[in-house]
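Everything below concerns the one structure shown next.
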Amino acid sequence: MSRFSECFFLVFGQLAVGGALGLAVPPFHVLERGFYRSSGGIFAGFALAFTVAKGVLSWQVPGLHGRAAVEFGLWLLFSVLFVTYTALLWTERGRLRARLFSATLLSGLVALVVSANGYLPPSFTGPVAWLYPLPFVTAAAALGAVAAGMLLGHWYLIDVGLSIDPLARLLRFFMWTTALHTLVMAVVLGSAWWSSPAAADAATSLVTQHRALFGARLLLGPLPALAIGWLIHRTLGIPQTMAATGLFYVAILFVMVGEMLGRLVLYQTGLPL
């Protein structure tokens, strides 16, 4: 049960890491600091919630040893750095904030890669093992991009004179990361057939025994999210930021549901899709 729970809780860790990455996309000097305070607080809250949940699940295991202890320590470091960075947004210590933000993002990416490798089955060797953490990272980037875009869309209600460019930049980032994530999933699945027999069997099982789950992963995940991204692009061309924000809501639902289904694929087959 603990392993099953960890598969799904990881989505919130990915959202926290991706959210930190998404905050780096809009130019800091264009947006008011209030946007970073509110959005950073939300993503830091996800980081803390995930770290606490991981700690509770780990507590059920007799002691933390080896890789598990390192993994928990990395997530704890990421959470502390993220909360500290957000708190510093109420101060004028800009240089320290910039350094803390870089450290936050780096520690989050390292923690995510370490967690991803923890799901790698020992029988998976070859190309699929080398690429294993990559879908976790690209999924985090897509999650963070769409969430940051939704939050920024709401900020236009406060800063009514804000240029459309920051939201357009986040949309482009979301489209590119989602497309990249789709490509990475295809590459990882293809590489499984060229890896160890166990990985090839898992890939075959996914497209045969679990074909309904695999189809749902695609049709309720990145493919409709890309289509909605195109609609957001057309909406921003009007420009109509509130309608675009509403579409970001729909997009984040597809991305989140897709990742939840991806965690079910991970639990069932060991493939990080």
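Please note that chains go A, B, ... in the order of the structure tokens, that every chain numbers its residues from 1, and that ligands are numbered from 1 in the order shown.
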Report as a list in words all protein, DNA and RNA residues lying within 8 Å of region 183-193 of chain A, evaluated on only C-alpha atoms, omitting residues in the same chain fewer than 2 positions from it.
Pro127, Val128, Leu131, Tyr132, Leu134, Pro135, Thr138, Ala179, Leu180, His181, Ser195, Ser196, Pro197, Ala199, Ala200, Asp201, Ala202, Ala203, Leu271, Pro272 and Leu273 of chain A
Using only C-alpha atoms, please write the residues we just selected to a file, as a PDB file, in the first residue's frame.
```pdb
ATOM      1  CA  PRO A 127      18.367   2.399 -22.740  1.00  0.00           C
ATOM      2  CA  VAL A 128      15.125   2.434 -20.745  1.00  0.00           C
ATOM      3  CA  LEU A 131      16.167   7.452 -19.795  1.00  0.00           C
ATOM      4  CA  TYR A 132      14.075   6.475 -16.775  1.00  0.00           C
ATOM      5  CA  LEU A 134      13.465  11.954 -17.931  1.00  0.00           C
ATOM      6  CA  PRO A 135       9.644  11.553 -18.183  1.00  0.00           C
ATOM      7  CA  THR A 138       9.343  16.700 -18.413  1.00  0.00           C
ATOM      8  CA  ALA A 179       5.108  18.361 -26.636  1.00  0.00           C
ATOM      9  CA  LEU A 180       8.533  17.366 -25.305  1.00  0.00           C
ATOM     10  CA  HIS A 181       6.927  15.201 -22.622  1.00  0.00           C
ATOM     11  CA  SER A 195      16.326  -3.007 -23.492  1.00  0.00           C
ATOM     12  CA  SER A 196      16.203  -5.986 -21.154  1.00  0.00           C
ATOM     13  CA  PRO A 197      13.603  -8.771 -21.629  1.00  0.00           C
ATOM     14  CA  ALA A 199      11.400  -4.050 -19.939  1.00  0.00           C
ATOM     15  CA  ALA A 200      10.251  -5.434 -23.290  1.00  0.00           C
ATOM     16  CA  ASP A 201       7.661  -7.605 -21.544  1.00  0.00           C
ATOM     17  CA  ALA A 202       6.400  -4.570 -19.611  1.00  0.00           C
ATOM     18  CA  ALA A 203       6.026  -2.555 -22.825  1.00  0.00           C
ATOM     19  CA  LEU A 271       7.299   2.098 -17.044  1.00  0.00           C
ATOM     20  CA  PRO A 272       7.493   5.864 -16.272  1.00  0.00           C
ATOM     21  CA  LEU A 273       4.758   7.008 -18.614  1.00  0.00           C
TER      22      LEU A 273
END
```
Which residues are close to Ala140 (chain A), i.e. within 10 Å by only C-alpha atoms, leaving aside same-chain residues fewer than 6 positions away? Reply as number ranges by chain.
A: 10-22, 109, 112, 134, 177-178, 181, 259
What is the CA of Ile252 (chain A) to CA of Trp230 (chain A) distance in Å?
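A separation of 14.0 Å between them.
Among the candidate residues A:Phe173, A:Phe248, A:Phe82, A:Trp194, the one lying nearest to Thr104 (chain A) is A:Phe82, with distances computed using only C-alpha atoms.
Between Phe9 (chain A) and the candidates A:Ala47, A:Ala111, A:Ile238, A:Ala24, the tightest atom-to-atom separation, counting only C-alpha atoms, involves A:Ala47.
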Write out as a ChimeraX atom specification all residues of region 51-265 of chain A that DSSP puts in helix (DSSP H, G or I) for this structure's backbone.
/A:51-59,66-88,94-118,127-131,134-155,165-192,197-207,211-219,222-236,241-265
Residues near region 83-95 of chain A, anyone? I mean within 8 Å using only C-alpha atoms, not counting same-chain ones fewer than 3 positions away, as a PDB file with C-alpha atoms, in the first residue's frame.
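Dumped everything to result_38.pdb:
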```pdb
ATOM      1  CA  ARG A  33       6.346  40.820  -6.513  1.00  0.00           C
ATOM      2  CA  TYR A  36       5.578  35.592  -6.901  1.00  0.00           C
ATOM      3  CA  ARG A  37       4.521  35.799  -3.255  1.00  0.00           C
ATOM      4  CA  GLY A  40       5.415  30.817  -4.734  1.00  0.00           C
ATOM      5  CA  GLY A  41       3.451  30.252  -1.550  1.00  0.00           C
ATOM      6  CA  ALA A  44       5.947  25.844  -1.663  1.00  0.00           C
ATOM      7  CA  GLY A  45       2.822  24.549   0.076  1.00  0.00           C
ATOM      8  CA  SER A  79      10.849  22.409   0.811  1.00  0.00           C
ATOM      9  CA  VAL A  80      12.873  24.456   3.305  1.00  0.00           C
ATOM     10  CA  ALA A  98      18.077  34.948  -6.587  1.00  0.00           C
ATOM     11  CA  ARG A  99      20.646  32.562  -5.142  1.00  0.00           C
ATOM     12  CA  LEU A 100      18.036  30.806  -3.020  1.00  0.00           C
ATOM     13  CA  PHE A 101      15.753  30.406  -6.018  1.00  0.00           C
ATOM     14  CA  THR A 104      15.601  25.651  -4.718  1.00  0.00           C
TER      15      THR A 104
END
```
For Ala116 (chain A), the nearest of the candidates A:Glu71, A:Asp159, A:Gly221, A:Ser102, counting only C-alpha atoms
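Result for the nearest residue to Ala116 (chain A): A:Glu71.
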When you draw a straight line from CA of Ile164 (chain A) to CA of Ala251 (chain A), how long is it in Å?
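Computing it gives 19.0 Å between the two atoms.
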Hey, can you check how far CA of Leu220 (chain A) sits from CA of Pro133 (chain A)?
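Interatomic distance here is 22.1 Å.
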Please provide the set of residues having any atom within 9 Å of Leu167 (chain A), restricted to only C-alpha atoms, with same-chain residues fewer than 6 positions apart removed, written as a PDB file with C-alpha atoms, in the first residue's frame.
```pdb
ATOM      1  CA  PRO A  26       8.042  35.312 -16.839  1.00  0.00           C
ATOM      2  CA  GLY A 149      -0.133  30.005 -16.456  1.00  0.00           C
ATOM      3  CA  LEU A 152      -0.746  34.334 -13.847  1.00  0.00           C
ATOM      4  CA  GLY A 153      -4.047  34.589 -15.699  1.00  0.00           C
ATOM      5  CA  LEU A 236      -4.692  35.509 -26.382  1.00  0.00           C
ATOM      6  CA  THR A 241      -6.983  36.974 -20.714  1.00  0.00           C
TER       7      THR A 241
END
```
Can you tell me which residues surround Ser123 (chain A) at a distance of at most 7 Å, considering only C-alpha atoms, apart from same-chain residues fewer than 2 positions away, and format the answer as a PyMOL selection string?
chain A and resi 121+125+198
Nearest residue to Leu261 (chain A) out of A:Leu226, A:Leu74, A:Leu231, A:Ala216, using only C-alpha atoms?
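Between A:Leu226, A:Leu74, A:Leu231, A:Ala216, the residue approaching Leu261 (chain A) most closely is A:Ala216.
With only C-alpha atoms as the atoms that count, the minimum distance from Val114 (chain A) to the choices A:Phe35, A:Trp130, A:Phe72, A:Phe46 is reached by A:Phe72.
Distances to Gly258 (chain A) were evaluated for A:Ile232, A:Leu219, A:Val25, A:Leu96 using only C-alpha atoms, and the minimum falls at A:Leu219.
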